[in-house]
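Participant: To be precise about what I am sending: the file is called input-v2.cif and holds mmCIF, C-alpha atoms and all ligand atoms; chains and numbers go by the auth columns.
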```cif
data_entry
#
loop_
_atom_site.group_PDB
_atom_site.id
_atom_site.type_symbol
_atom_site.label_atom_id
_atom_site.label_comp_id
_atom_site.label_asym_id
_atom_site.label_seq_id
_atom_site.Cartn_x
_atom_site.Cartn_y
_atom_site.Cartn_z
_atom_site.B_iso_or_equiv
_atom_site.auth_seq_id
_atom_site.auth_asym_id
ATOM 1 C CA MET A 1 0.501 -1.643 -44.387 0.00 1 S
ATOM 2 C CA LEU A 2 -2.477 -1.351 -42.014 0.00 2 S
ATOM 3 C CA TYR A 3 -5.679 0.542 -42.748 0.00 3 S
ATOM 4 C CA VAL A 4 -8.644 1.924 -40.860 0.00 4 S
ATOM 5 C CA LYS A 5 -12.049 1.796 -42.495 0.00 5 S
ATOM 6 C CA SER A 6 -14.137 4.953 -42.153 0.00 6 S
ATOM 7 C CA GLU A 7 -17.937 4.849 -41.766 0.00 7 S
ATOM 8 C CA SER A 8 -18.317 5.734 -45.427 0.00 8 S
ATOM 9 C CA GLY A 9 -16.280 2.663 -46.306 0.00 9 S
ATOM 10 C CA GLU A 10 -13.048 4.378 -47.212 0.00 10 S
ATOM 11 C CA PHE A 11 -9.783 2.740 -46.248 0.00 11 S
ATOM 12 C CA THR A 12 -7.065 5.000 -44.892 0.00 12 S
ATOM 13 C CA PRO A 13 -3.567 3.645 -44.472 0.00 13 S
ATOM 14 C CA ILE A 14 -2.212 4.049 -40.921 0.00 14 S
ATOM 15 C CA ASN A 15 1.072 5.904 -40.857 0.00 15 S
ATOM 16 C CA TYR A 16 3.157 7.913 -38.413 0.00 16 S
ATOM 17 C CA GLY A 17 1.518 11.178 -39.394 0.00 17 S
ATOM 18 C CA ASN A 18 -2.159 10.235 -39.202 0.00 18 S
ATOM 19 C CA THR A 19 -2.607 8.401 -35.920 0.00 19 S
ATOM 20 C CA PHE A 20 -4.308 10.480 -33.251 0.00 20 S
ATOM 21 C CA ALA A 21 -5.571 10.012 -29.719 0.00 21 S
ATOM 22 C CA LYS A 22 -8.088 12.006 -27.743 0.00 22 S
ATOM 23 C CA CYS A 23 -6.626 13.296 -24.485 0.00 23 S
ATOM 24 C CA PRO A 24 -8.666 11.712 -21.652 0.00 24 S
ATOM 25 C CA LYS A 25 -8.247 14.900 -19.629 0.00 25 S
ATOM 26 C CA CYS A 26 -8.968 17.828 -21.950 0.00 26 S
ATOM 27 C CA GLY A 27 -10.305 16.085 -25.064 0.00 27 S
ATOM 28 C CA THR A 28 -7.684 17.499 -27.434 0.00 28 S
ATOM 29 C CA MET A 29 -6.962 15.317 -30.461 0.00 29 S
ATOM 30 C CA HIS A 30 -3.220 14.936 -30.692 0.00 30 S
ATOM 31 C CA GLN A 31 -0.800 12.968 -32.840 0.00 31 S
ATOM 32 C CA ILE A 32 0.605 9.815 -31.265 0.00 32 S
ATOM 33 C CA ASP A 33 3.012 7.005 -32.008 0.00 33 S
ATOM 34 C CA LEU A 34 0.757 3.965 -32.211 0.00 34 S
ATOM 35 C CA ALA A 35 3.593 1.521 -31.505 0.00 35 S
ATOM 36 C CA ASP A 36 4.512 3.394 -28.297 0.00 36 S
ATOM 37 C CA ILE A 37 0.940 3.503 -27.028 0.00 37 S
ATOM 38 C CA LEU A 38 0.287 -0.174 -27.717 0.00 38 S
ATOM 39 C CA GLU A 39 3.475 -1.103 -25.924 0.00 39 S
ATOM 40 C CA CYS A 40 2.235 0.778 -22.827 0.00 40 S
ATOM 41 C CA THR A 41 -1.188 -0.849 -22.863 0.00 41 S
ATOM 42 C CA GLY A 42 0.070 -4.333 -23.674 0.00 42 S
ATOM 43 C CA GLY A 43 -1.505 -4.279 -27.133 0.00 43 S
ATOM 44 C CA ASP A 44 -5.048 -3.451 -26.065 0.00 44 S
ATOM 45 C CA VAL A 45 -6.238 -1.112 -28.823 0.00 45 S
ATOM 46 C CA GLU A 46 -9.582 -0.154 -27.280 0.00 46 S
ATOM 47 C CA GLU A 47 -8.045 0.588 -23.875 0.00 47 S
ATOM 48 C CA ALA A 48 -5.282 2.700 -25.376 0.00 48 S
ATOM 49 C CA SER A 49 -5.294 6.379 -24.544 0.00 49 S
ATOM 50 C CA ALA A 50 -2.733 9.112 -24.297 0.00 50 S
ATOM 51 C CA PHE A 51 -2.651 12.461 -22.574 0.00 51 S
ATOM 52 C CA CYS A 52 -1.810 15.445 -24.788 0.00 52 S
ATOM 53 C CA GLU A 53 1.503 17.218 -24.337 0.00 53 S
ATOM 54 C CA LYS A 54 0.050 19.913 -22.091 0.00 54 S
ATOM 55 C CA CYS A 55 -1.687 17.461 -19.758 0.00 55 S
ATOM 56 C CA SER A 56 1.345 15.130 -19.757 0.00 56 S
ATOM 57 C CA ALA A 57 3.531 18.023 -18.612 0.00 57 S
ATOM 58 C CA LYS A 58 1.274 18.301 -15.575 0.00 58 S
ATOM 59 C CA HIS A 59 2.111 14.701 -14.691 0.00 59 S
ATOM 60 C CA MET A 60 5.882 15.221 -14.959 0.00 60 S
ATOM 61 C CA PRO A 61 6.481 15.626 -11.182 0.00 61 S
ATOM 62 C CA MET A 62 5.068 12.123 -10.798 0.00 62 S
ATOM 63 C CA PHE A 63 7.705 10.630 -13.083 0.00 63 S
ATOM 64 C CA GLU A 64 10.466 12.803 -11.651 0.00 64 S
ATOM 65 C CA ASN A 65 9.629 11.451 -8.188 0.00 65 S
ATOM 66 C CA ALA A 66 8.984 7.850 -9.181 0.00 66 S
ATOM 67 C CA ASP A 67 10.965 6.636 -6.163 0.00 67 S
ATOM 68 C CA LYS A 68 8.564 8.362 -3.759 0.00 68 S
ATOM 69 C CA LEU A 69 5.563 6.778 -5.459 0.00 69 S
ATOM 70 C CA GLN A 70 7.271 3.395 -5.449 0.00 70 S
ATOM 71 C CA SER A 71 7.953 3.588 -1.726 0.00 71 S
ATOM 72 C CA ILE A 72 4.258 4.292 -1.081 0.00 72 S
ATOM 73 C CA ALA A 73 3.313 1.361 -3.312 0.00 73 S
ATOM 74 C CA ASP A 74 5.741 -0.887 -1.422 0.00 74 S
ATOM 75 C CA ARG A 75 4.467 0.217 1.968 0.00 75 S
ATOM 76 C CA PHE A 76 0.874 -0.621 1.107 0.00 76 S
ATOM 77 C CA GLY A 77 1.714 -3.635 -1.032 0.00 77 S
ATOM 78 C CA VAL A 78 -0.047 -2.280 -4.101 0.00 78 S
ATOM 79 C CA HIS A 79 1.084 -1.911 -7.692 0.00 79 S
ATOM 80 C CA LEU A 80 2.834 1.334 -8.636 0.00 80 S
ATOM 81 C CA ARG A 81 0.033 1.934 -11.167 0.00 81 S
ATOM 82 C CA GLU A 82 -2.447 2.280 -8.295 0.00 82 S
ATOM 83 C CA VAL A 83 -0.394 5.055 -6.674 0.00 83 S
ATOM 84 C CA GLN A 84 0.115 6.734 -10.068 0.00 84 S
ATOM 85 C CA ARG A 85 -3.625 6.722 -10.679 0.00 85 S
ATOM 86 C CA ILE A 86 -4.319 8.612 -7.437 0.00 86 S
ATOM 87 C CA VAL A 87 -1.405 11.031 -7.833 0.00 87 S
ATOM 88 C CA LYS A 88 -2.362 11.696 -11.465 0.00 88 S
ATOM 89 C CA SER A 89 -5.901 12.614 -10.532 0.00 89 S
ATOM 90 C CA GLY A 90 -4.570 14.997 -7.884 0.00 90 S
ATOM 91 C CA LEU A 91 -2.157 16.631 -10.332 0.00 91 S
ATOM 92 C CA ASP A 92 -5.046 17.022 -12.769 0.00 92 S
ATOM 93 C CA ARG A 93 -6.782 19.017 -10.044 0.00 93 S
ATOM 94 C CA ASP A 94 -3.729 21.292 -9.863 0.00 94 S
ATOM 95 C CA LEU A 95 -2.626 20.019 -6.463 0.00 95 S
ATOM 96 C CA SER A 96 1.074 20.017 -5.589 0.00 96 S
ATOM 97 C CA LEU A 97 2.954 16.737 -5.794 0.00 97 S
ATOM 98 C CA GLU A 98 3.316 16.750 -2.000 0.00 98 S
ATOM 99 C CA ALA A 99 -0.439 17.073 -1.558 0.00 99 S
ATOM 100 C CA CYS A 100 -1.001 14.264 -4.081 0.00 100 S
ATOM 101 C CA LEU A 101 1.424 11.967 -2.252 0.00 101 S
ATOM 102 C CA VAL A 102 -0.352 12.606 1.034 0.00 102 S
ATOM 103 C CA GLY A 103 -3.651 11.990 -0.763 0.00 103 S
ATOM 104 C CA ALA A 104 -2.370 8.679 -2.106 0.00 104 S
ATOM 105 C CA ARG A 105 -1.244 7.572 1.368 0.00 105 S
ATOM 106 C CA LEU A 106 -4.571 8.651 2.785 0.00 106 S
ATOM 107 C CA ALA A 107 -6.595 6.814 0.145 0.00 107 S
ATOM 108 C CA LEU A 108 -4.505 3.640 0.389 0.00 108 S
ATOM 109 C CA SER A 109 -4.620 3.771 4.168 0.00 109 S
ATOM 110 C CA MET A 110 -8.417 3.959 4.105 0.00 110 S
ATOM 111 C CA GLU A 111 -8.663 1.241 1.487 0.00 111 S
ATOM 112 C CA SER A 112 -6.301 -1.185 3.202 0.00 112 S
ATOM 113 C CA GLY A 113 -7.141 -0.373 6.799 0.00 113 S
ATOM 114 C CA LYS A 114 -3.425 0.077 7.443 0.00 114 S
ATOM 115 C CA GLU A 115 -2.617 2.968 9.716 0.00 115 S
ATOM 116 C CA GLU A 116 -0.557 5.772 8.298 0.00 116 S
ATOM 117 C CA LEU A 117 1.063 8.622 10.161 0.00 117 S
ATOM 118 C CA PHE A 118 0.744 12.149 8.853 0.00 118 S
ATOM 119 C CA SER A 119 3.044 14.959 9.866 0.00 119 S
ATOM 120 C CA LEU A 120 2.240 18.629 10.139 0.00 120 S
ATOM 121 C CA ASP A 121 4.223 19.157 6.941 0.00 121 S
ATOM 122 C CA ASP A 122 1.947 16.674 5.189 0.00 122 S
ATOM 123 C CA ILE A 123 -1.114 18.547 6.324 0.00 123 S
ATOM 124 C CA ALA A 124 0.366 21.906 5.362 0.00 124 S
ATOM 125 C CA ALA A 125 1.037 20.462 1.869 0.00 125 S
ATOM 126 C CA VAL A 126 -2.556 19.311 1.518 0.00 126 S
ATOM 127 C CA LEU A 127 -4.004 22.589 2.729 0.00 127 S
ATOM 128 C CA GLY A 128 -1.469 24.539 0.672 0.00 128 S
ATOM 129 C CA CYS A 129 -0.417 26.655 3.626 0.00 129 S
ATOM 130 C CA SER A 130 2.409 27.067 6.146 0.00 130 S
ATOM 131 C CA ARG A 131 2.929 24.823 9.173 0.00 131 S
ATOM 132 C CA GLU A 132 1.649 27.642 11.381 0.00 132 S
ATOM 133 C CA GLU A 133 -1.540 28.016 9.356 0.00 133 S
ATOM 134 C CA ALA A 134 -1.985 24.244 9.374 0.00 134 S
ATOM 135 C CA THR A 135 -1.674 24.241 13.163 0.00 135 S
ATOM 136 C CA ALA A 136 -4.270 26.991 13.442 0.00 136 S
ATOM 137 C CA GLU A 137 -6.605 25.136 11.082 0.00 137 S
ATOM 138 C CA LEU A 138 -6.291 21.911 13.088 0.00 138 S
ATOM 139 C CA GLU A 139 -6.888 23.727 16.354 0.00 139 S
ATOM 140 C CA LYS A 140 -9.978 25.277 14.842 0.00 140 S
ATOM 141 C CA GLN A 141 -11.188 21.764 14.056 0.00 141 S
ATOM 142 C CA GLY A 142 -10.413 20.654 17.582 0.00 142 S
ATOM 143 C CA ILE A 143 -7.537 18.345 16.640 0.00 143 S
ATOM 144 C CA GLN A 144 -4.637 18.581 19.088 0.00 144 S
ATOM 145 C CA GLY A 145 -1.009 17.715 18.402 0.00 145 S
ATOM 146 C CA ALA A 146 0.146 14.254 19.453 0.00 146 S
ATOM 147 C CA GLN A 147 -3.454 13.229 19.826 0.00 147 S
ATOM 148 C CA ILE A 148 -4.939 10.402 17.857 0.00 148 S
ATOM 149 C CA SER A 149 -8.080 11.703 16.341 0.00 149 S
ATOM 150 C CA THR A 150 -10.538 9.478 14.585 0.00 150 S
ATOM 151 C CA LEU A 151 -11.439 10.735 11.172 0.00 151 S
ATOM 152 C CA PRO A 152 -13.443 8.348 9.016 0.00 152 S
ATOM 153 C CA GLY A 153 -11.495 5.175 8.465 0.00 153 S
ATOM 154 C CA PHE A 154 -8.087 6.175 9.758 0.00 154 S
ATOM 155 C CA GLU A 155 -6.237 7.959 12.503 0.00 155 S
ATOM 156 C CA TRP A 156 -4.167 11.054 12.329 0.00 156 S
ATOM 157 C CA LEU A 157 -1.196 11.297 14.620 0.00 157 S
ATOM 158 C CA LEU A 158 0.250 14.758 14.722 0.00 158 S
ATOM 159 C CA GLY A 159 3.470 14.083 16.544 0.00 159 S
ATOM 160 C CA GLN A 160 5.343 17.077 15.257 0.00 160 S
ATOM 161 C CA MET A 161 3.224 19.775 16.854 0.00 161 S
HETATM 162 ZN ZN ZN B . -4.936 17.203 -22.578 0.00 201 S
#
```
Go ahead and render the structure in this file as structure tokens.
Ligand SMILES: [Zn+2]
Facilitator:
Amino acid sequence: MLYVKSESGEFTPINYGNTFAKCPKCGTMHQIDLADILECTGGDVEEASAFCEKCSAKHMPMFENADKLQSIADRFGVHLREVQRIVKSGLDRDLSLEACLVGARLALSMESGKEELFSLDDIAAVLGCSREEATAELEKQGIQGAQISTLPGFEWLLGQM
């Protein structure tokens, strides 16, 4: 049996019903399985954290599309965790999975200096609009199709316009 010692000096046995984590996103205290969490963090108790059920549900598309994240990780030669971190933060901001994937490619492209091509569909996903609206938005910004435009740190090639 393991115990935690409270500030008043009381020992409380740790069991399945009394182990809680604070959700790093919304701050909700929620019941967790300590063994599960420690397995995920490689046994690091102080680094351990767990999203609550509601916030975890938001991250589901990321796990359902693990292959897409893995292919981005492979392309940039980074660990899957790195891609998950970026996608997770996008999902937390209520972006669509597509927008998050484009965001991850964008961020990794800027970080690595590797060029990455973005299609009109990618841009529409980020802007949350149709291809037509994306075209109009790009024209407004003076970016032409099939033109390499220099935005900070990377180049956009809009071959599909
Ligand atoms: Zn939460």
Participant: Enumerate residues in contact with ligand ZN 201 (chain S): an atom-to-atom distance of at most 12 Å, counting only C-alpha atoms and all ligand atoms. Format the result as a PyMOL selection string.
Facilitator: chain S and resi 21-31+49-59+92
Participant: Run through the PyMOL selection byres (((chain S and resi 64-76) around 10) and not hetatm) on the given coordinates and return the selected residues as a tab-separated table (two decimals) with C-alpha atoms, in the coordinates of the input.
Facilitator:
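Result saved to out_21.tsv:
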```tsv
chain	number	residue	atom	x	y	z
S	59	HIS	CA	2.11	14.70	-14.69
S	60	MET	CA	5.88	15.22	-14.96
S	61	PRO	CA	6.48	15.63	-11.18
S	62	MET	CA	5.07	12.12	-10.80
S	63	PHE	CA	7.70	10.63	-13.08
S	77	GLY	CA	1.71	-3.64	-1.03
S	78	VAL	CA	-0.05	-2.28	-4.10
S	79	HIS	CA	1.08	-1.91	-7.69
S	80	LEU	CA	2.83	1.33	-8.64
S	81	ARG	CA	0.03	1.93	-11.17
S	82	GLU	CA	-2.45	2.28	-8.30
S	83	VAL	CA	-0.39	5.06	-6.67
S	84	GLN	CA	0.12	6.73	-10.07
S	87	VAL	CA	-1.40	11.03	-7.83
S	97	LEU	CA	2.95	16.74	-5.79
S	101	LEU	CA	1.42	11.97	-2.25
S	102	VAL	CA	-0.35	12.61	1.03
S	104	ALA	CA	-2.37	8.68	-2.11
S	105	ARG	CA	-1.24	7.57	1.37
S	108	LEU	CA	-4.50	3.64	0.39
S	109	SER	CA	-4.62	3.77	4.17
S	111	GLU	CA	-8.66	1.24	1.49
S	112	SER	CA	-6.30	-1.18	3.20
S	113	GLY	CA	-7.14	-0.37	6.80
S	114	LYS	CA	-3.42	0.08	7.44
S	115	GLU	CA	-2.62	2.97	9.72
S	116	GLU	CA	-0.56	5.77	8.30
```
Participant: Determine, counting all atoms listed in the file, which protein, DNA and RNA residues have an atom within 9 Å of an atom of S:Asp121; residues of the same chain fewer than 2 positions away are not included. Present the result as a count of residues only.
Facilitator: 10
Participant: Hey, what's within 12 Å of S:Ile37 if we count only C-alpha atoms and toss same-chain stuff fewer than 4 positions away? As a VMD selection string, please?
Facilitator: chain S and resid 19 to 21 31 to 33 41 to 51
Participant: Could you check which of S:Gly9, S:Gly128, S:Gly90, S:Gly17 is closest to S:Ala107, using all atoms listed in the file?
Facilitator: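 Smallest separation from S:Ala107 among the options: S:Gly90.
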Participant: Between atom CA of S:Thr135 and atom CA of S:Glu98, what is the distance, to one decimal in Å?
Facilitator: 17.6 Å
Participant: Could you check how far atom CA of S:Leu95 sits from atom CA of S:Asp36, in Å to one decimal?
Facilitator: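 For atom CA of S:Leu95 relative to atom CA of S:Asp36, the distance reads 28.4 Å.
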Participant: Could you tell me how far atom CA of S:Ile86 sits from atom CA of S:Glu139, in Å to one decimal place?
Facilitator: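 If I compute the distance from atom CA of S:Glu139 to atom CA of S:Ile86, I get 28.3 Å.
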Participant: Kindly list the centre and edge lengths in Å, rounded to one decimal, for the axis-aligned box that covers all listed atoms of stretch 136-139 of chain S plus 8 Å on each of its six sides, as lines of an AutoDock Vina configuration file.
Facilitator:
```
center_x = -5.6
center_y = 24.5
center_z = 13.7
size_x = 18.6
size_y = 21.1
size_z = 21.3
```
Participant: Can you list, as a list in words, the residues that the PyMOL selection byres (((chain S and resi 13) around 7) and not hetatm) selects here?
Facilitator: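 Expected selection for the PyMOL selection byres (((chain S and resi 13) around 7) and not hetatm) here is Met1, Leu2, Tyr3, Val4, Phe11, Thr12, Ile14 and Asn15 of chain S.
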Participant: Kindly add N, CA and C atoms to the incomplete stretch 42-55 of chain S and provide the output as a PDB file, keeping the file's coordinate frame.
Facilitator:
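Generated file (out.pdb):
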```
ATOM      1  N   GLY S  42      -0.027  -2.893 -23.461  1.00  0.00           N
ATOM      2  CA  GLY S  42       0.070  -4.333 -23.674  1.00  0.00           C
ATOM      3  C   GLY S  42      -0.723  -4.787 -24.887  1.00  0.00           C
ATOM      4  N   GLY S  43      -0.872  -3.913 -25.881  1.00  0.00           N
ATOM      5  CA  GLY S  43      -1.505  -4.279 -27.133  1.00  0.00           C
ATOM      6  C   GLY S  43      -3.014  -4.127 -27.178  1.00  0.00           C
ATOM      7  N   ASP S  44      -3.596  -3.606 -26.093  1.00  0.00           N
ATOM      8  CA  ASP S  44      -5.048  -3.451 -26.065  1.00  0.00           C
ATOM      9  C   ASP S  44      -5.450  -2.151 -26.775  1.00  0.00           C
ATOM     10  N   VAL S  45      -5.941  -2.290 -27.995  1.00  0.00           N
ATOM     11  CA  VAL S  45      -6.238  -1.112 -28.823  1.00  0.00           C
ATOM     12  C   VAL S  45      -7.366  -0.266 -28.227  1.00  0.00           C
ATOM     13  N   GLU S  46      -8.427  -0.918 -27.758  1.00  0.00           N
ATOM     14  CA  GLU S  46      -9.582  -0.154 -27.280  1.00  0.00           C
ATOM     15  C   GLU S  46      -9.327   0.521 -25.943  1.00  0.00           C
ATOM     16  N   GLU S  47      -8.384  -0.008 -25.166  1.00  0.00           N
ATOM     17  CA  GLU S  47      -8.045   0.588 -23.875  1.00  0.00           C
ATOM     18  C   GLU S  47      -7.001   1.692 -24.022  1.00  0.00           C
ATOM     19  N   ALA S  48      -6.387   1.763 -25.191  1.00  0.00           N
ATOM     20  CA  ALA S  48      -5.282   2.700 -25.376  1.00  0.00           C
ATOM     21  C   ALA S  48      -5.755   4.140 -25.288  1.00  0.00           C
ATOM     22  N   SER S  49      -5.021   4.951 -24.575  1.00  0.00           N
ATOM     23  CA  SER S  49      -5.294   6.379 -24.544  1.00  0.00           C
ATOM     24  C   SER S  49      -3.993   7.091 -24.233  1.00  0.00           C
ATOM     25  N   ALA S  50      -3.953   8.352 -24.544  1.00  0.00           N
ATOM     26  CA  ALA S  50      -2.733   9.112 -24.297  1.00  0.00           C
ATOM     27  C   ALA S  50      -3.079  10.553 -23.978  1.00  0.00           C
ATOM     28  N   PHE S  51      -2.454  11.059 -22.928  1.00  0.00           N
ATOM     29  CA  PHE S  51      -2.651  12.461 -22.574  1.00  0.00           C
ATOM     30  C   PHE S  51      -1.922  13.336 -23.585  1.00  0.00           C
ATOM     31  N   CYS S  52      -2.471  14.513 -23.875  1.00  0.00           N
ATOM     32  CA  CYS S  52      -1.810  15.445 -24.788  1.00  0.00           C
ATOM     33  C   CYS S  52      -0.560  15.995 -24.095  1.00  0.00           C
ATOM     34  N   GLU S  53       0.220  16.732 -24.859  1.00  0.00           N
ATOM     35  CA  GLU S  53       1.503  17.218 -24.337  1.00  0.00           C
ATOM     36  C   GLU S  53       1.302  18.109 -23.112  1.00  0.00           C
ATOM     37  N   LYS S  54       0.293  18.963 -23.180  1.00  0.00           N
ATOM     38  CA  LYS S  54       0.050  19.913 -22.091  1.00  0.00           C
ATOM     39  C   LYS S  54      -0.348  19.182 -20.805  1.00  0.00           C
ATOM     40  N   CYS S  55      -1.249  18.201 -20.939  1.00  0.00           N
ATOM     41  CA  CYS S  55      -1.687  17.461 -19.758  1.00  0.00           C
ATOM     42  C   CYS S  55      -0.579  16.536 -19.248  1.00  0.00           C
TER      43      CYS S  55
END
```
